[in-house]
Structure formats: structure tokens, C-alpha cells
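What follows is a set of notes on a single structure, which appears directly below.
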Amino acid sequence: MISSEYGIVTFLILLIALVLYSNHLSFGFIRRFYSIFPVMFVCYTLPAVFSYFGIIDASESSVDDYFKAHFIPCSLFLLVMSTDFVTLKSIGGKILLMFLIGAIGVCIGGPISLWIGSILFPDQLLWDGSNATWRGMATLMANWLGGTANQLIVKEIHNVGDAVFAVMVTINVLFSGIWMAILLFVAKKQPVIDRFINADLRNAPAFIESVKPSLDRRKRFFGVSLLILSLLFIFLFCHSCSEYISMILINKFPVLLQYNLGSSFFWSMLLSTLLGLLLSMSYARHVFVKQVRFISFFLLYFMIMNIGLNVEFTSFQSIFYYFIVGLIWFFIHVVILLLFTLYFRLPIFYFAIASQCNIGGAASAPVVASAFNPKFASVAVLMAVLGYTWASFLASIIGSFMQYINP
């Protein structure tokens with residue numbers, strides 16, 4: 001049995017390498033497997049399986065506390081820094097508006113679906129403790145508004161239990177996978193659907209490509225220096241600074257504790273997001289683009305695997321009722337987005353891309369967009385990455401208010 005901290009870290013790194021390598025294989029079975037089960041889900045469940053069969057034991061390990069304090073803010077910083085606000089301006093107002101409406105649908109649908117759940121299933125859903133329903137739904141909201149990095153951050157801000165977190169991860173994988181399949185089918189019927197809804201086909205977003213500027217030696221050195229210094233600050237000092245800020249605010253405004261805004265992780269999220277936004281407007285965004293993206297997702301997968309080590313699937317009951325609440329939530333998001341699509345007489349691809357950029361995120365949004373038109377892929381990526389900037393903040397705030405919804 002692997003139980004030492006060095007052994008656990010080595011095991012997880014090797015497991016991530018295996019998953020990422022197999023994800024790029026071209027074998028038929030492997031490709032079909034990853035088309036059904038995304039990398040995030042595999043990274044989450046594999047360690048849980050190894051832990052269940054006693055191959056690895058992380059119950060006494062302090063790896064989780066150290067790495068979540070340093071890795072998650074670094075990953076969020078790198079993801080936010082990749083946001084191309086300059087190119088976003090040229091996309092067009094309507095597609096961005098639809099994306100924002102989809103995000104509003106997610107924000108509104110969460111509290112409404114929880115309220116409906118409190119009426120329909122008051123005894124089946126958990127309302128207190130670390131596995132309370134509102135805590136898990138706050139993490140799912142963060143994922144649907146942004147991505148996995150935001151989901152992990154909100155998990156720490158609201159001290160979400162591993163059991164309800166596992167359920168929300170499953171709901172996310174199931175819903176986003178099925179929804180992507182539906183939207184890909186819609187793409188094949190696009191002309192028929194547009195005629196049926198009487199869409200104005202003159203509405204179309206601009207076809208854009210994010211152009212990487214040519215940097216001379218001085219600008220490149222400046223960008224690399226900014227990136228390295230900022231990343232070092234996030235890794236070494238962000239956690240300490242956020243704890244200091246949290247301590248001061250709690251002493252002066254103890255009411256913040258009721259909304260979990262006194263959490264040091266909340267302020268760590270704000271610092272890393274703000275620094276990422278600042279660097280997204282500098283030369284630092286244009287250096288080591290592929291490497292930065294790989295590092296950010298590698299850190300995410302490591303943290304997901306580490307969380308998966310402590311999952312006990314058998315400890316959670318009434319999973320079916322959580323799926324029903326999630327379905328109601330998803331339905332609200334779809335209805336709101338569809339109503340605005342019909343009102344503005346927009347082609348159906350507006351609805352599809354806006355929804356997938358919220359629910360699916362940066363990984364699957366370009367797949368759906370390309371099914372409508374390959375030139376839409378860059379638009380979808382830009383909008384999906386934009387969600388990283390606000391998802392943690394919105395989900396943590398709305399989640400704090402959702403705790404007051406009870407039977």
C-alpha cells in the first residue's frame with residue numbers, strides 16, 4: 001500500500017502522465033472511451049478506485065492541504081491570464097450577450113431549483129453539514145459558469161464535503177456529455193431549425209482569429225519576467241497574503257463569516273484572478289502560450305486526482321434526487337436562453353454556442369462550435385475562457401445565499 005507523501009505525489013504524477021498519454025492515442029476504443037468519459041472525470045475516479053481497493057491510502061497525508069493552497073490559485077491565474085479581451089471586442093455584441101444570458105440562467109436556475117427541491121424532496125436532500133446540497137450546487141455553478149479550476153476553488157471556500165462533490169462531478173459529466181451530443185445533432189439540422197424558428201440569418205458573429213503579435217527581444221524578456229515573477233508571487237505569497245487579509249476583515253467585519261467571505265481561499269481567488277486579468281493585457285499573455293495552458297491543466301488534474309483519493313461513493317445516498325434537482329436547474333438555463341434566441345430571431349447556433357460555452361467550457365465548446373461552422377471555434381474558446389474570470393466570485397456569493405433555502 002502506498003501511504004507516504006512522496007509515494008502519493010509520485011503515484012499521482014505517473015497516473016496523470018498515463019491518462020494524458022492515453023488521451024492522445026488514436027486507437028478506436030481509447031478514442032470512444034474519452035469521448036464518453038472526459039479526462040477530468042477519469043482523473044477523479046481512477047484514484048478513488050485505487051483507494052477503494054487499498055492500493056493507496058491518503059488518509060494521513062497532508063499533501064491535499066499544501067497543494068490546494070498553492071496549485072489551485074496558480075492554475076486559475078494562468079487560465080485567466082490567457083483571456084484575450086482585445087479580440088473579444090471584435091466578436092460582436094449579440095453572441096456575447098447570449099453568453100451572458102446563459103450565465104444568468106445558470107445563476108438564477110441554481111436557487112430556483114434548490115427551492116423546488118426543498119418542496120419536492122425535503123427529506124431526501126441534505127440541508128446541514130459539509131455535504132449540504134447548497135454547498136455542492138455552488139461548486140457545480142462554478143463549473144458551469146467557468147471551469148474545473150473555479151469548481152475546486154468554491155469547494156474550498158464553502159468547505160464542501162467529498163461526498164456531495166462527487167455527486168456534482170457526476171452530474172456535470174453526465175449533463176454536459178448528453179447536452180453536447182444533442183447540440184451536435186442540432187448542428188446537422190441547423191437549416192431546418194432556423195426556418196422553423198424564423199431566424200434572421202443576417203445575424204452572425206464576426207469570424208476572428210486571435211493574432212499573436214511578433215515580440216522583439218526586449219518585449220519578450222519583459223513578458224517572460226512578468227509571467228515568472230507573478231507566478232512565483234502566487235505560488236509563494238498569495239496564500240499568506242490572503243490569510244492576512246482574511247484575518248483583518250474577520251476582526252473588523254465578523255458578519256462576513258455567515259457568507260464564507262472570510263475564507264482565506266476566497267481572497268486567494270480574488271488576488272490570483274485580478275493578477276491574471278492585469279497580465280492578460282500585457283506581453284506576458286503571448287509568451288509560452290502552449291506551455292502555460294499545459295501547466296495550468298496539469299495542476300488542475302493533479303488536484304482533482306488528490307481529491308478523488310478521499311472519495312467514498314458508498315457514503316452518499318439519494319443520488320437520484322440530486323439528479324432531478326440538477327435537471328430542473330439545467331432546464332431553467334435552456335429555457336431562458338431559448339426564449340432570448342426566439343425573441344431576437346437569432347440563428348440556432350447562437351443558442352448552442354452560448355449554452356455550451358457555459359455548461360461545457362473551453363474543452364468542448366469549440367467542438368460544438370465547429371459543428372456549426374469551423375470558423376466559430378475561436379469565438380467559442382474566447383467566450384469559454386472569459387467565464388474563468390467571474391465564475392468563482394459569482395458562485396461563492398450566490399452559494400452563500402443559497403444556504404438560507406431550507407424546507
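In the C-alpha cells, chains take the letters A, B, ... in the order shown, each chain's residues start at 1, and ligands count up from 1 in the order shown.
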Near segment 334-345 of chain A, within 6 Å and counting only C-alpha atoms, which residues show up once chain neighbours fewer than 4 positions away are dropped, as a PyMOL selection string? chain A and resi 102+199-200
Please produce a file of those selected residues containing N, CA and C atoms, as a compact mmCIF listing (two decimals), in the first residue's frame.
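As a result, result_38.txt now contains:
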# COMPACT_ATOMS: atom_id res chain seq x y z
N GLY A 102 -26.87 33.19 -20.90
CA GLY A 102 -26.72 31.80 -20.47
C GLY A 102 -26.14 31.72 -19.08
N ALA A 199 -35.60 32.43 -38.00
CA ALA A 199 -34.40 33.15 -37.60
C ALA A 199 -33.95 34.11 -38.68
N ASP A 200 -33.41 35.24 -38.27
CA ASP A 200 -32.84 36.21 -39.20
C ASP A 200 -31.39 35.83 -39.47
At most 7 Å is the cut-off: for each residue in segment 139-195 of chain A with any atom that close to an atom of segment 353-374 of chain A, write down the nearest atom pair and the distance in Å rounded to one decimal, counting only C-alpha atoms, chain first then increasing number, as JSON lines.
{"residue": "A:Trp144", "atom": "CA", "partner": "A:Ile359", "partner_atom": "CA", "distance": 4.5}
{"residue": "A:Leu145", "atom": "CA", "partner": "A:Asn358", "partner_atom": "CA", "distance": 5.2}
{"residue": "A:Gly146", "atom": "CA", "partner": "A:Gly361", "partner_atom": "CA", "distance": 6.5}
{"residue": "A:Gly147", "atom": "CA", "partner": "A:Gly361", "partner_atom": "CA", "distance": 6.0}
{"residue": "A:Ser176", "atom": "CA", "partner": "A:Gly360", "partner_atom": "CA", "distance": 5.6}
{"residue": "A:Met180", "atom": "CA", "partner": "A:Val368", "partner_atom": "CA", "distance": 6.9}
{"residue": "A:Leu183", "atom": "CA", "partner": "A:Val368", "partner_atom": "CA", "distance": 6.8}
{"residue": "A:Leu184", "atom": "CA", "partner": "A:Val368", "partner_atom": "CA", "distance": 6.1}
{"residue": "A:Ala187", "atom": "CA", "partner": "A:Phe372", "partner_atom": "CA", "distance": 5.3}
What does the distance from atom CA of Ser264 of chain A to atom CA of Met168 of chain A come to in Å, to one decimal? 23.6 Å
Report as a tab-separated table: every residue of segment 60-157 of chain A with an atom at most 7 Å from segment 221-242 of chain A, its closest pair of atoms, and their distance in Å to one decimal, counting only C-alpha atoms, with rows sorted by chain and ascending residue number.
residue	atom	partner	partner_atom	distance
A:Ala69	CA	A:His239	CA	6.2
A:His70	CA	A:Phe235	CA	5.2
A:Pro73	CA	A:Ile234	CA	6.8
A:Cys74	CA	A:Ile234	CA	6.0
Where does DSSP see helix (DSSP H, G or I) in segment 6-67 of chain A, if you list the residues as number ranges by chain? A: 6-23, 28-36, 39-52, 63-67
Contacts of Trp267 of chain A at 12 Å (only C-alpha atoms; same-chain gap of 3+ positions) as a ChimeraX atom specification: /A:69,73,153-154,156-157,234,238-249,260-264,270-274,392-393,396
Which of these, A:Val169, A:Ala352, A:Leu309, A:Leu125, has the shortest distance to Leu140 of chain A once you count only C-alpha atoms? A:Val169
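Among the candidate residues A:Ala48, A:Ala58, A:Pro122, A:Ile16, the one lying nearest to Ser4 of chain A is A:Ala58, with distances computed using only C-alpha atoms.
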Gap from atom CA of Phe297 of chain A to atom CA of Ala149 of chain A - Å, one decimal: 8.7 Å
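With only C-alpha atoms as the atoms that count, the minimum distance from Phe175 of chain A to the choices A:Val385, A:Ile328, A:Val19, A:Ala377 is reached by A:Ile328.
You will find atom CA of Met269 of chain A at 20.4 Å from atom CA of Ser282 of chain A.
Of the residues listed (A:Phe323, A:Tyr21, A:Phe196, A:Phe376), A:Phe323 shows the shortest atom-to-atom separation from Val164 of chain A; distances use only C-alpha atoms.
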